[in-house]
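Dumped start.cif below, it's mmCIF, C-alpha atoms:
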```cif
data_upload
#
loop_
_atom_site.label_atom_id
_atom_site.label_comp_id
_atom_site.auth_asym_id
_atom_site.auth_seq_id
_atom_site.Cartn_x
_atom_site.Cartn_y
_atom_site.Cartn_z
CA MET A 1 0.00 0.00 0.00
CA VAL A 2 1.31 3.45 -0.98
CA SER A 3 0.08 6.83 0.23
CA VAL A 4 0.55 10.11 -1.64
CA LYS A 5 -0.23 13.35 0.18
CA SER A 6 -0.61 16.82 -1.33
CA ASP A 7 -2.65 19.97 -0.93
CA LYS A 8 -2.71 20.25 -4.73
CA ILE A 9 -4.04 16.96 -6.02
CA VAL A 10 -5.26 17.81 -9.53
CA THR A 11 -8.76 16.62 -10.40
CA PRO A 12 -10.98 17.66 -13.34
CA THR A 13 -13.00 19.88 -10.99
CA GLY A 14 -10.12 21.54 -9.16
CA LEU A 15 -7.40 21.00 -6.58
CA LEU A 16 -7.93 18.65 -3.64
CA ASP A 17 -6.13 18.78 -0.31
CA GLY A 18 -5.85 15.16 0.69
CA TYR A 19 -4.45 11.71 0.10
CA LEU A 20 -4.24 9.12 -2.65
CA GLY A 21 -4.17 5.46 -1.69
CA ILE A 22 -2.46 3.12 -4.15
CA ASP A 23 -2.42 -0.67 -4.17
CA ASN A 24 -1.35 -3.11 -6.88
CA GLY A 25 -0.81 -0.31 -9.37
CA LYS A 26 -4.31 1.13 -8.96
CA ILE A 27 -5.74 4.12 -7.12
CA VAL A 28 -7.92 2.64 -4.39
CA SER A 29 -8.85 5.80 -2.49
CA LEU A 30 -8.94 9.57 -2.86
CA SER A 31 -9.94 11.44 0.26
CA ALA A 32 -9.16 14.17 2.78
CA SER A 33 -8.26 11.58 5.40
CA PRO A 34 -4.81 9.99 5.88
CA VAL A 35 -4.20 6.57 4.37
CA GLU A 36 -2.47 3.73 6.20
CA ALA A 37 0.39 2.62 3.97
CA ASP A 38 3.71 0.81 3.87
CA THR A 39 5.26 3.67 1.89
CA ALA A 40 4.18 7.30 2.21
CA TYR A 41 5.09 10.31 0.06
CA ASP A 42 4.44 13.89 1.12
CA PHE A 43 4.27 16.29 -1.83
CA THR A 44 2.69 19.19 0.03
CA GLY A 45 2.99 22.34 -2.07
CA LYS A 46 3.43 20.34 -5.29
CA TYR A 47 0.90 19.55 -7.98
CA VAL A 48 0.04 15.84 -8.13
CA CYS A 49 -1.46 15.10 -11.56
CA PRO A 50 -2.49 12.09 -13.62
CA GLY A 51 0.32 10.91 -15.87
CA PHE A 52 0.49 12.89 -19.10
CA ILE A 53 -0.64 11.17 -22.31
CA ASP A 54 1.11 12.40 -25.47
CA ILE A 55 -0.57 10.95 -28.54
CA HIS A 56 1.66 12.69 -31.10
CA THR A 57 5.46 12.82 -30.81
CA HIS A 58 8.26 11.91 -33.21
CA GLY A 59 10.98 11.41 -30.60
CA ALA A 60 13.18 13.26 -28.11
CA GLY A 61 16.63 13.37 -26.58
CA GLY A 62 18.21 12.65 -29.96
CA HIS A 63 16.18 9.45 -30.40
CA PRO A 64 13.91 9.20 -33.48
CA PHE A 65 10.86 6.99 -33.78
CA ILE A 66 11.51 6.52 -37.51
CA ASN A 67 14.83 5.51 -39.07
CA GLY A 68 16.04 4.49 -35.62
CA THR A 69 16.23 1.33 -33.53
CA VAL A 70 14.24 -0.36 -30.79
CA GLU A 71 16.64 1.30 -28.37
CA ASP A 72 15.83 4.70 -29.88
CA VAL A 73 12.13 4.11 -29.27
CA ILE A 74 12.76 3.07 -25.67
CA GLU A 75 15.15 5.93 -24.90
CA GLY A 76 12.95 8.50 -26.63
CA CYS A 77 9.92 7.37 -24.65
CA ASN A 78 11.93 7.30 -21.41
CA PHE A 79 13.14 10.84 -22.11
CA HIS A 80 9.55 12.01 -22.42
CA LEU A 81 8.70 10.17 -19.22
CA GLN A 82 11.19 12.34 -17.35
CA HIS A 83 8.96 15.26 -18.35
CA GLY A 84 5.75 13.60 -17.20
CA THR A 85 4.59 11.53 -20.19
CA THR A 86 3.65 8.16 -18.70
CA THR A 87 1.66 7.01 -21.73
CA ILE A 88 2.94 7.72 -25.22
CA VAL A 89 2.06 7.10 -28.86
CA PRO A 90 5.32 7.20 -30.87
CA THR A 91 4.73 8.84 -34.23
CA VAL A 92 6.12 7.63 -37.54
CA SER A 93 6.28 10.28 -40.25
CA ALA A 94 5.92 9.62 -43.98
CA GLY A 95 8.74 7.71 -45.63
CA PRO A 96 9.24 4.67 -47.85
CA PHE A 97 6.58 2.24 -46.64
CA ALA A 98 9.21 -0.40 -45.84
CA ASN A 99 10.89 2.11 -43.51
CA MET A 100 7.59 2.95 -41.85
CA LYS A 101 6.88 -0.74 -41.37
CA LYS A 102 10.30 -1.22 -39.77
CA ALA A 103 9.57 1.67 -37.42
CA VAL A 104 6.29 0.02 -36.41
CA ASP A 105 8.20 -3.21 -35.78
CA ASN A 106 10.58 -1.30 -33.49
CA ILE A 107 7.65 0.20 -31.58
CA HIS A 108 6.02 -3.23 -31.37
CA LYS A 109 9.15 -4.68 -29.79
CA ALA A 110 9.68 -1.70 -27.49
CA ARG A 111 6.18 -2.07 -26.04
CA SER A 112 7.12 -5.31 -24.27
CA ASP A 113 10.73 -4.40 -23.47
CA LYS A 114 11.35 -4.12 -19.72
CA ARG A 115 13.68 -1.16 -20.29
CA ALA A 116 10.67 0.97 -21.25
CA GLN A 117 9.62 2.75 -18.06
CA GLY A 118 6.24 4.00 -19.23
CA ASN A 119 3.27 2.80 -21.25
CA ILE A 120 3.94 2.62 -25.01
CA LEU A 121 0.46 2.45 -26.43
CA GLY A 122 1.37 1.75 -30.05
CA ALA A 123 2.43 3.54 -33.22
CA HIS A 124 0.88 6.63 -34.76
CA LEU A 125 1.41 6.57 -38.51
CA GLU A 126 1.41 10.15 -39.81
CA GLY A 127 1.38 9.27 -43.49
CA PRO A 128 2.12 8.34 -46.15
CA TYR A 129 -1.52 8.88 -47.24
CA LEU A 130 -1.43 12.66 -46.93
CA SER A 131 -2.01 15.70 -49.13
CA ALA A 132 0.99 16.96 -51.08
CA LYS A 133 -0.54 20.45 -50.87
CA GLN A 134 -0.60 20.27 -47.09
CA CYS A 135 2.54 18.23 -46.49
CA GLY A 136 4.20 20.84 -44.24
CA ALA A 137 7.48 19.37 -43.02
CA GLN A 138 6.59 15.93 -44.39
CA CYS A 139 8.68 14.99 -47.40
CA PRO A 140 6.37 15.09 -50.49
CA THR A 141 8.43 12.39 -52.21
CA PHE A 142 6.87 9.73 -49.99
CA ILE A 143 3.24 10.87 -50.09
CA THR A 144 0.83 8.49 -51.86
CA PRO A 145 -2.89 7.70 -51.97
CA PRO A 146 -3.94 4.73 -49.78
CA ILE A 147 -2.50 1.46 -51.09
CA PRO A 148 -4.64 -1.45 -49.82
CA GLU A 149 -1.97 -4.15 -50.07
CA ASP A 150 0.36 -2.02 -47.92
CA TYR A 151 -1.97 -0.96 -45.11
CA GLN A 152 -3.77 -4.29 -45.00
CA SER A 153 -0.55 -6.29 -44.69
CA LEU A 154 0.75 -3.91 -42.02
CA LEU A 155 -2.35 -4.24 -39.86
CA GLU A 156 -2.47 -7.99 -40.35
CA GLU A 157 1.06 -8.24 -38.96
CA TYR A 158 1.14 -5.42 -36.39
CA GLY A 159 -2.50 -4.48 -35.81
CA SER A 160 -2.24 -4.58 -32.03
CA SER A 161 0.68 -2.14 -32.14
CA VAL A 162 -0.87 0.45 -34.45
CA ALA A 163 -2.81 2.90 -32.27
CA ARG A 164 -3.74 5.65 -34.74
CA TRP A 165 -3.26 6.71 -38.34
CA THR A 166 -3.29 10.24 -39.80
CA TYR A 167 -4.45 10.51 -43.39
CA ALA A 168 -5.99 12.98 -45.87
CA PRO A 169 -9.70 12.10 -46.33
CA GLU A 170 -9.92 13.68 -49.79
CA ASN A 171 -7.64 10.95 -51.14
CA ASP A 172 -9.59 8.11 -49.52
CA GLU A 173 -12.22 7.18 -52.10
CA GLY A 174 -15.49 6.31 -50.42
CA GLY A 175 -13.82 6.20 -47.03
CA LYS A 176 -12.53 2.67 -47.64
CA PHE A 177 -9.19 3.14 -45.87
CA CYS A 178 -10.78 4.85 -42.88
CA LYS A 179 -13.42 2.14 -42.54
CA TYR A 180 -10.83 -0.62 -42.78
CA ILE A 181 -8.57 0.72 -40.03
CA THR A 182 -11.30 1.83 -37.61
CA GLU A 183 -12.99 -1.56 -37.84
CA ARG A 184 -9.69 -2.95 -36.56
CA GLY A 185 -9.47 -0.63 -33.58
CA VAL A 186 -7.16 2.00 -35.05
CA VAL A 187 -8.02 5.65 -34.32
CA ALA A 188 -8.41 7.45 -37.66
CA SER A 189 -7.34 11.09 -37.71
CA ALA A 190 -7.68 13.62 -40.52
CA GLY A 191 -4.54 15.66 -41.01
CA HIS A 192 -2.09 17.11 -43.52
CA SER A 193 -5.26 17.44 -45.50
CA ASP A 194 -6.73 19.75 -48.14
CA ALA A 195 -10.17 18.20 -47.66
CA LYS A 196 -13.46 19.98 -48.09
CA GLY A 197 -16.42 19.57 -45.77
CA GLU A 198 -17.92 16.79 -47.87
CA ASP A 199 -14.70 14.78 -47.58
CA VAL A 200 -14.60 15.19 -43.81
CA LYS A 201 -18.25 14.14 -43.56
CA VAL A 202 -17.46 10.88 -45.40
CA ALA A 203 -14.49 10.34 -43.09
CA VAL A 204 -16.64 10.77 -39.96
CA GLU A 205 -19.27 8.43 -41.37
CA ASN A 206 -16.54 5.79 -41.71
CA GLY A 207 -15.15 6.21 -38.20
CA CYS A 208 -12.76 9.16 -38.26
CA SER A 209 -12.85 10.79 -34.81
CA LEU A 210 -9.88 13.18 -34.61
CA ILE A 211 -8.20 16.09 -36.38
CA THR A 212 -4.39 16.06 -36.36
CA HIS A 213 -2.78 19.29 -35.08
CA LEU A 214 -5.61 21.67 -35.95
CA TYR A 215 -4.49 24.79 -37.85
CA SER A 216 -1.24 23.08 -38.82
CA CYS A 217 -1.56 21.75 -42.38
CA THR A 218 -5.36 21.72 -42.26
CA SER A 219 -7.49 23.30 -45.01
CA THR A 220 -9.89 26.20 -44.54
CA VAL A 221 -12.78 27.74 -46.49
CA THR A 222 -12.30 27.82 -50.26
CA ARG A 223 -14.36 29.56 -52.94
CA ASP A 224 -15.22 28.36 -56.43
CA HIS A 225 -17.03 30.95 -58.56
CA GLY A 226 -18.43 32.52 -55.43
CA LEU A 227 -19.56 29.23 -53.84
CA ARG A 228 -17.82 28.58 -50.53
CA SER A 229 -16.90 25.16 -49.13
CA LEU A 230 -15.83 24.32 -45.61
CA GLY A 231 -12.34 23.02 -45.00
CA VAL A 232 -10.96 20.73 -42.31
CA ILE A 233 -10.82 23.56 -39.77
CA GLU A 234 -14.46 24.58 -40.10
CA SER A 235 -15.58 20.94 -40.24
CA ALA A 236 -13.78 20.32 -36.96
CA PHE A 237 -15.72 23.15 -35.34
CA LEU A 238 -19.03 22.08 -36.88
CA MET A 239 -18.93 18.35 -36.15
CA ASP A 240 -19.35 17.47 -32.50
CA GLU A 241 -18.16 13.92 -33.20
CA LEU A 242 -14.63 15.16 -33.83
CA TYR A 243 -11.92 15.66 -31.26
CA VAL A 244 -9.03 17.98 -32.12
CA GLU A 245 -5.42 17.99 -31.00
CA ILE A 246 -3.35 21.18 -30.79
CA ILE A 247 0.36 21.89 -30.41
CA THR A 248 0.63 24.18 -27.40
CA ASP A 249 4.37 24.74 -27.37
CA GLY A 250 3.83 28.51 -27.34
CA LYS A 251 4.98 28.82 -30.95
CA HIS A 252 2.69 26.93 -33.33
CA LEU A 253 -0.50 28.63 -32.13
CA PRO A 254 -0.80 32.06 -30.47
CA PRO A 255 -2.68 32.19 -27.14
CA ASP A 256 -5.80 33.83 -28.62
CA LEU A 257 -6.11 31.12 -31.25
CA ILE A 258 -5.74 28.42 -28.61
CA LYS A 259 -8.46 30.09 -26.55
CA MET A 260 -10.73 30.32 -29.58
CA ILE A 261 -10.30 26.62 -30.36
CA VAL A 262 -11.07 25.61 -26.79
CA LYS A 263 -14.04 28.00 -26.62
CA VAL A 264 -15.59 26.64 -29.81
CA LYS A 265 -14.85 22.92 -29.31
CA GLY A 266 -15.02 22.87 -25.51
CA GLN A 267 -12.45 21.42 -23.14
CA ASP A 268 -13.97 17.95 -23.53
CA LYS A 269 -12.93 17.80 -27.20
CA VAL A 270 -9.39 19.26 -27.15
CA ALA A 271 -6.17 17.32 -26.54
CA LEU A 272 -2.72 18.85 -26.12
CA ILE A 273 0.24 17.33 -27.99
CA THR A 274 3.95 18.07 -28.26
CA ASP A 275 4.45 16.94 -31.88
CA SER A 276 8.06 16.96 -30.71
CA LEU A 277 10.93 15.97 -32.94
CA GLU A 278 13.84 13.73 -32.05
CA ILE A 279 15.91 16.87 -31.33
CA ALA A 280 13.65 17.90 -28.43
CA GLY A 281 15.79 18.21 -25.33
CA THR A 282 19.05 18.50 -27.27
CA ASP A 283 21.24 21.43 -28.32
CA VAL A 284 20.91 20.64 -32.05
CA THR A 285 20.29 23.80 -34.09
CA GLU A 286 20.21 22.53 -37.69
CA GLY A 287 20.26 19.37 -39.77
CA GLU A 288 18.11 17.00 -41.82
CA MET A 289 15.31 14.69 -40.72
CA SER A 290 13.46 12.28 -43.05
CA GLY A 291 14.67 14.21 -46.08
CA THR A 292 13.71 17.63 -44.70
CA LEU A 293 16.28 20.35 -43.92
CA PHE A 294 15.61 22.28 -40.71
CA ILE A 295 16.87 24.89 -38.29
CA VAL A 296 15.98 25.52 -34.66
CA GLU A 297 15.50 29.11 -33.53
CA ASP A 298 13.10 31.06 -31.33
CA GLY A 299 12.28 27.87 -29.43
CA VAL A 300 10.81 26.03 -32.41
CA CYS A 301 11.97 23.91 -35.36
CA LYS A 302 11.55 25.51 -38.79
CA LEU A 303 12.11 24.50 -42.38
CA ARG A 304 15.54 25.65 -43.49
CA ASP A 305 14.03 28.43 -45.66
CA ARG A 306 11.94 29.59 -42.66
CA SER A 307 8.75 29.26 -44.73
CA ALA A 308 7.00 27.14 -42.10
CA PHE A 309 7.45 25.33 -38.81
CA ALA A 310 8.82 21.79 -39.02
CA GLY A 311 7.76 20.53 -35.61
CA SER A 312 8.20 21.36 -31.97
CA VAL A 313 11.02 20.84 -29.51
CA ALA A 314 8.66 20.84 -26.52
CA THR A 315 8.05 18.25 -23.84
CA ALA A 316 4.70 17.75 -22.11
CA ASP A 317 5.46 19.95 -19.10
CA ARG A 318 5.92 22.88 -21.48
CA LEU A 319 2.36 22.38 -22.77
CA ILE A 320 0.97 22.85 -19.26
CA GLU A 321 3.09 25.95 -18.68
CA VAL A 322 1.85 27.59 -21.90
CA MET A 323 -1.80 26.79 -21.20
CA VAL A 324 -1.62 28.22 -17.68
CA ARG A 325 0.76 31.16 -17.99
CA GLU A 326 0.11 32.31 -21.54
CA CYS A 327 -3.52 31.28 -22.08
CA GLY A 328 -4.95 31.71 -18.58
CA TYR A 329 -6.35 28.23 -17.95
CA SER A 330 -6.29 26.68 -14.50
CA VAL A 331 -3.85 23.85 -13.85
CA SER A 332 -6.80 21.44 -13.62
CA GLU A 333 -8.14 22.56 -17.00
CA ALA A 334 -4.74 22.32 -18.69
CA VAL A 335 -3.97 18.93 -17.17
CA LYS A 336 -7.36 17.57 -18.24
CA MET A 337 -6.53 18.31 -21.88
CA LEU A 338 -3.23 16.41 -21.54
CA THR A 339 -4.64 13.44 -19.64
CA GLU A 340 -8.37 12.74 -19.59
CA ILE A 341 -9.12 13.87 -23.15
CA PRO A 342 -6.31 11.96 -24.93
CA ALA A 343 -7.30 8.93 -22.82
CA LYS A 344 -10.85 9.22 -24.21
CA ILE A 345 -9.56 9.64 -27.77
CA MET A 346 -7.47 6.50 -27.46
CA ARG A 347 -10.22 4.65 -25.53
CA LEU A 348 -8.10 4.13 -22.42
CA GLU A 349 -10.73 3.45 -19.79
CA SER A 350 -8.37 3.28 -16.79
CA LYS A 351 -6.07 6.23 -17.50
CA GLY A 352 -6.25 10.01 -17.52
CA ARG A 353 -7.80 10.75 -14.12
CA LEU A 354 -6.97 10.51 -10.43
CA ALA A 355 -9.95 8.46 -9.32
CA GLU A 356 -10.64 5.12 -7.66
CA GLY A 357 -10.04 2.21 -9.99
CA PHE A 358 -7.75 4.17 -12.33
CA ASP A 359 -4.12 3.29 -12.99
CA ALA A 360 -1.72 4.94 -10.55
CA ASP A 361 0.25 6.89 -13.16
CA LEU A 362 1.20 10.16 -11.45
CA VAL A 363 3.22 13.28 -12.17
CA VAL A 364 4.46 15.67 -9.49
CA MET A 365 5.22 19.23 -10.61
CA ASN A 366 6.51 22.24 -8.71
CA GLY A 367 5.11 25.75 -9.01
CA ASP A 368 7.21 26.40 -12.12
CA PHE A 369 5.67 23.31 -13.80
CA ALA A 370 8.94 21.40 -13.69
CA VAL A 371 8.42 17.66 -13.23
CA GLU A 372 10.02 16.43 -10.00
CA SER A 373 8.61 12.92 -9.62
CA VAL A 374 6.86 10.36 -11.82
CA PHE A 375 4.98 7.17 -10.90
CA VAL A 376 3.94 4.44 -13.32
CA GLY A 377 1.55 1.81 -12.01
CA GLY A 378 2.17 3.07 -8.49
CA LYS A 379 5.95 2.66 -8.74
CA LYS A 380 8.17 5.73 -8.48
CA VAL A 381 10.37 5.86 -11.61
CA LYS A 382 11.71 9.39 -11.13
#
```

Target encoding structure tokens, full file:
Amino acid sequence: MVSVKSDKIVTPTGLLDGYLGIDNGKIVSLSASPVEADTAYDFTGKYVCPGFIDIHTHGAGGHPFINGTVEDVIEGCNFHLQHGTTTIVPTVSAGPFANMKKAVDNIHKARSDKRAQGNILGAHLEGPYLSAKQCGAQCPTFITPPIPEDYQSLLEEYGSSVARWTYAPENDEGGKFCKYITERGVVASAGHSDAKGEDVKVAVENGCSLITHLYSCTSTVTRDHGLRSLGVIESAFLMDELYVEIITDGKHLPPDLIKMIVKVKGQDKVALITDSLEIAGTDVTEGEMSGTLFIVEDGVCKLRDRSAFAGSVATADRLIEVMVRECGYSVSEAVKMLTEIPAKIMRLESKGRLAEGFDADLVVMNGDFAVESVFVGGKKVK
């Protein structure tokens, strides 16, 4: 039995002054009264939060999730864990399909490797079925329409280790790809897309439930001879079925835009993501990743010609800091969008909240939002 005490236990409704009781990796009590325990931790003055859930990250600490090794996956995930991410969905960007399949194999093996300190949920394939017009930092050379023999063989071999797939709905004729993957438990997400409202509607009808990094490589209203059509952005706001994820590194989206997104969609439909690159947490300032030249300046990664951002260098604790200090949300509100909402998106019934019966994945932060301690399944790993 483990007891965790704090006057700032973060719940969806606010901060609680009390105690968490943990047994066999689960939260068994949450109350204002002390808990009898074999091991007791006193984090008075610190925020005690549910473990962060990052559903979109390409690596960290110099460890890529594509074109790397099993060890890179493990070390990249462990690096993120040091910043509070106890559950992670390693992201594989567009590349030759054989390379993407190898990356999924690495993630598959890392999931059961005892060196992995946190929960590796499965791979997020961001491509190659994207829009060339909205490729952003993705290399256009590797972008293709859905190829059934490729995605079917991948899911037949690694289905349990593919958690989500980002694709452009306008290139998915009749929603066949979306229907195929969602029927096999994969979360379908529309992103890097030039879709119109009609395309998004077909996607939702076939199981699509998420928009990948809203406002980053997502289409908006277009006009054809005076007739306007919705884009991905407006469809996301219109359709209550859709969740959205946003990069809140303080660079990709200004505070007012973040507040507008949350106001329109509501906190129950917005998830925070890092979309971090392998160079997050390093002193790298320029180079090449997956065929794309980049530089790092002003706290963000940019394409070499500075025409667009190429990804973030943030970790999850930075997302909380931006939401609280720059956008004005409470710690409970910010934490909810990095825990409970991504858990709902990924259908994780026992993660994302500090409540009885939930997994005892915990993050302890100081007043500057720096992560001081991390628990996974009730065991202190930092």

Can you list what the PyMOL selection byres ((chain A and resi 45-55) around 7) grabs from this structure, as JSON, numbers by chain? {"A": [6, 7, 8, 9, 10, 43, 44, 56, 57, 84, 85, 86, 87, 88, 89, 273, 274, 338, 339, 342, 352, 353, 354, 361, 362, 363, 364, 365, 366, 367]}

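For the choices A:Thr285, A:Ser235, A:Thr220, A:Asn78, the atom-to-atom distance to Gly118 in chain A is smallest for A:Asn78 when using all atoms listed in the file.
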
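Taking all atoms listed in the file into account, the protein, DNA and RNA residues within 8 Å of (-5.0, -3.0, -37.8) read Gln152, Leu154, Leu155, Glu156, Tyr158, Gly159, Ser160, Val162, Ile181, Thr182, Arg184, Gly185 and Val186 of chain A.
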
Using the chain letters and residue numbers of this document, give as a PyMOL selection string the residues selected by the PyMOL selection byres ((chain A and resi 357) around 9). chain A and resi 26-29+350+354-356+358-360

Write out, as a compact mmCIF listing (two decimals), in the coordinates of the input, the residues just selected, with C-alpha atoms.
```txt
# COMPACT_ATOMS: atom_id res chain seq x y z
CA LYS A 26 -4.31 1.13 -8.96
CA ILE A 27 -5.74 4.12 -7.12
CA VAL A 28 -7.92 2.64 -4.39
CA SER A 29 -8.85 5.80 -2.49
CA SER A 350 -8.37 3.28 -16.79
CA LEU A 354 -6.97 10.51 -10.43
CA ALA A 355 -9.95 8.46 -9.32
CA GLU A 356 -10.64 5.12 -7.66
CA PHE A 358 -7.75 4.17 -12.33
CA ASP A 359 -4.12 3.29 -12.99
CA ALA A 360 -1.72 4.94 -10.55
```

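With CA of Ile320 in chain A on one side and CA of Ile22 in chain A on the other, the separation reads 25.1 Å.
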
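Atom to atom, CA of Glu349 in chain A and CA of Ala271 in chain A stand 16.1 Å apart.
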
Hey, what comes out of the PyMOL selection byres ((chain A and resi 329) around 12) on this file? Could you write it as JSON, numbers by chain? {"A": [14, 255, 258, 259, 262, 263, 267, 319, 320, 321, 322, 323, 324, 325, 326, 327, 328, 330, 331, 332, 333, 334, 335, 336, 337]}

List every protein, DNA or RNA residue with an atom no more than 9 Å from (-2.0, 3.8, -2.5) in the file's coordinates, counting all atoms listed in the file, and format the result as a short mmCIF file (atom, residue, chain, number, x, y, z; two decimals) with C-alpha atoms, in the frame of the given file.
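This is the output file result-v9.cif:
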```
data_model
loop_
_atom_site.label_atom_id
_atom_site.label_comp_id
_atom_site.auth_asym_id
_atom_site.auth_seq_id
_atom_site.Cartn_x
_atom_site.Cartn_y
_atom_site.Cartn_z
CA MET A 1 0.00 0.00 0.00
CA VAL A 2 1.31 3.45 -0.98
CA SER A 3 0.08 6.83 0.23
CA VAL A 4 0.55 10.11 -1.64
CA TYR A 19 -4.45 11.71 0.10
CA LEU A 20 -4.24 9.12 -2.65
CA GLY A 21 -4.17 5.46 -1.69
CA ILE A 22 -2.46 3.12 -4.15
CA ASP A 23 -2.42 -0.67 -4.17
CA ASN A 24 -1.35 -3.11 -6.88
CA GLY A 25 -0.81 -0.31 -9.37
CA LYS A 26 -4.31 1.13 -8.96
CA ILE A 27 -5.74 4.12 -7.12
CA VAL A 28 -7.92 2.64 -4.39
CA SER A 29 -8.85 5.80 -2.49
CA VAL A 35 -4.20 6.57 4.37
CA GLU A 36 -2.47 3.73 6.20
CA ALA A 37 0.39 2.62 3.97
CA THR A 39 5.26 3.67 1.89
CA ALA A 40 4.18 7.30 2.21
CA ALA A 360 -1.72 4.94 -10.55
CA GLY A 378 2.17 3.07 -8.49
#
```

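Nearest residue to Ser161 in chain A among A:Met100, A:Cys208, A:Ile247, A:Ile120 is A:Ile120, counting all atoms listed in the file.
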
Suppose you want the space between CA of Asn171 in chain A and CA of Glu149 in chain A; what is it in Å? 16.2 Å

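The residue that comes closest to Leu277 in chain A, out of A:Ala163, A:Ile233, A:Cys135, A:Val300 and on the basis of all atoms listed in the file, is A:Val300.
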
Extending 5 Å beyond the listed atoms of range 2-5 of chain A on each side, what axis-aligned box results? I want centre and edge lengths in Å to one decimal, as AutoDock Vina command-line options.
```
--center_x 0.5 --center_y 8.4 --center_z -0.7 --size_x 11.5 --size_y 19.9 --size_z 11.9
```

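Comparing A:Arg223, A:Lys251, A:Arg164, A:His192 by their smallest distance to Leu130 in chain A, the closest is A:His192 (using only C-alpha atoms).
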
Would you please work out which residue, of A:Gly197, A:Lys265, A:Ser219, A:Met346, is nearest to Gly122 in chain A when using only C-alpha atoms? A:Met346

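Proximity to Tyr215 in chain A was assessed for A:Ile261, A:Ile143, A:Met239, A:Val202 counting only C-alpha atoms; the smallest distance is recorded for A:Ile261.
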
Do a neighbour search on Ala32 in chain A at 7 Å with all atoms listed in the file, toss out local chain neighbours closer than 2 positions, and write the hits as a VMD selection string. chain A and resid 17 to 19 34
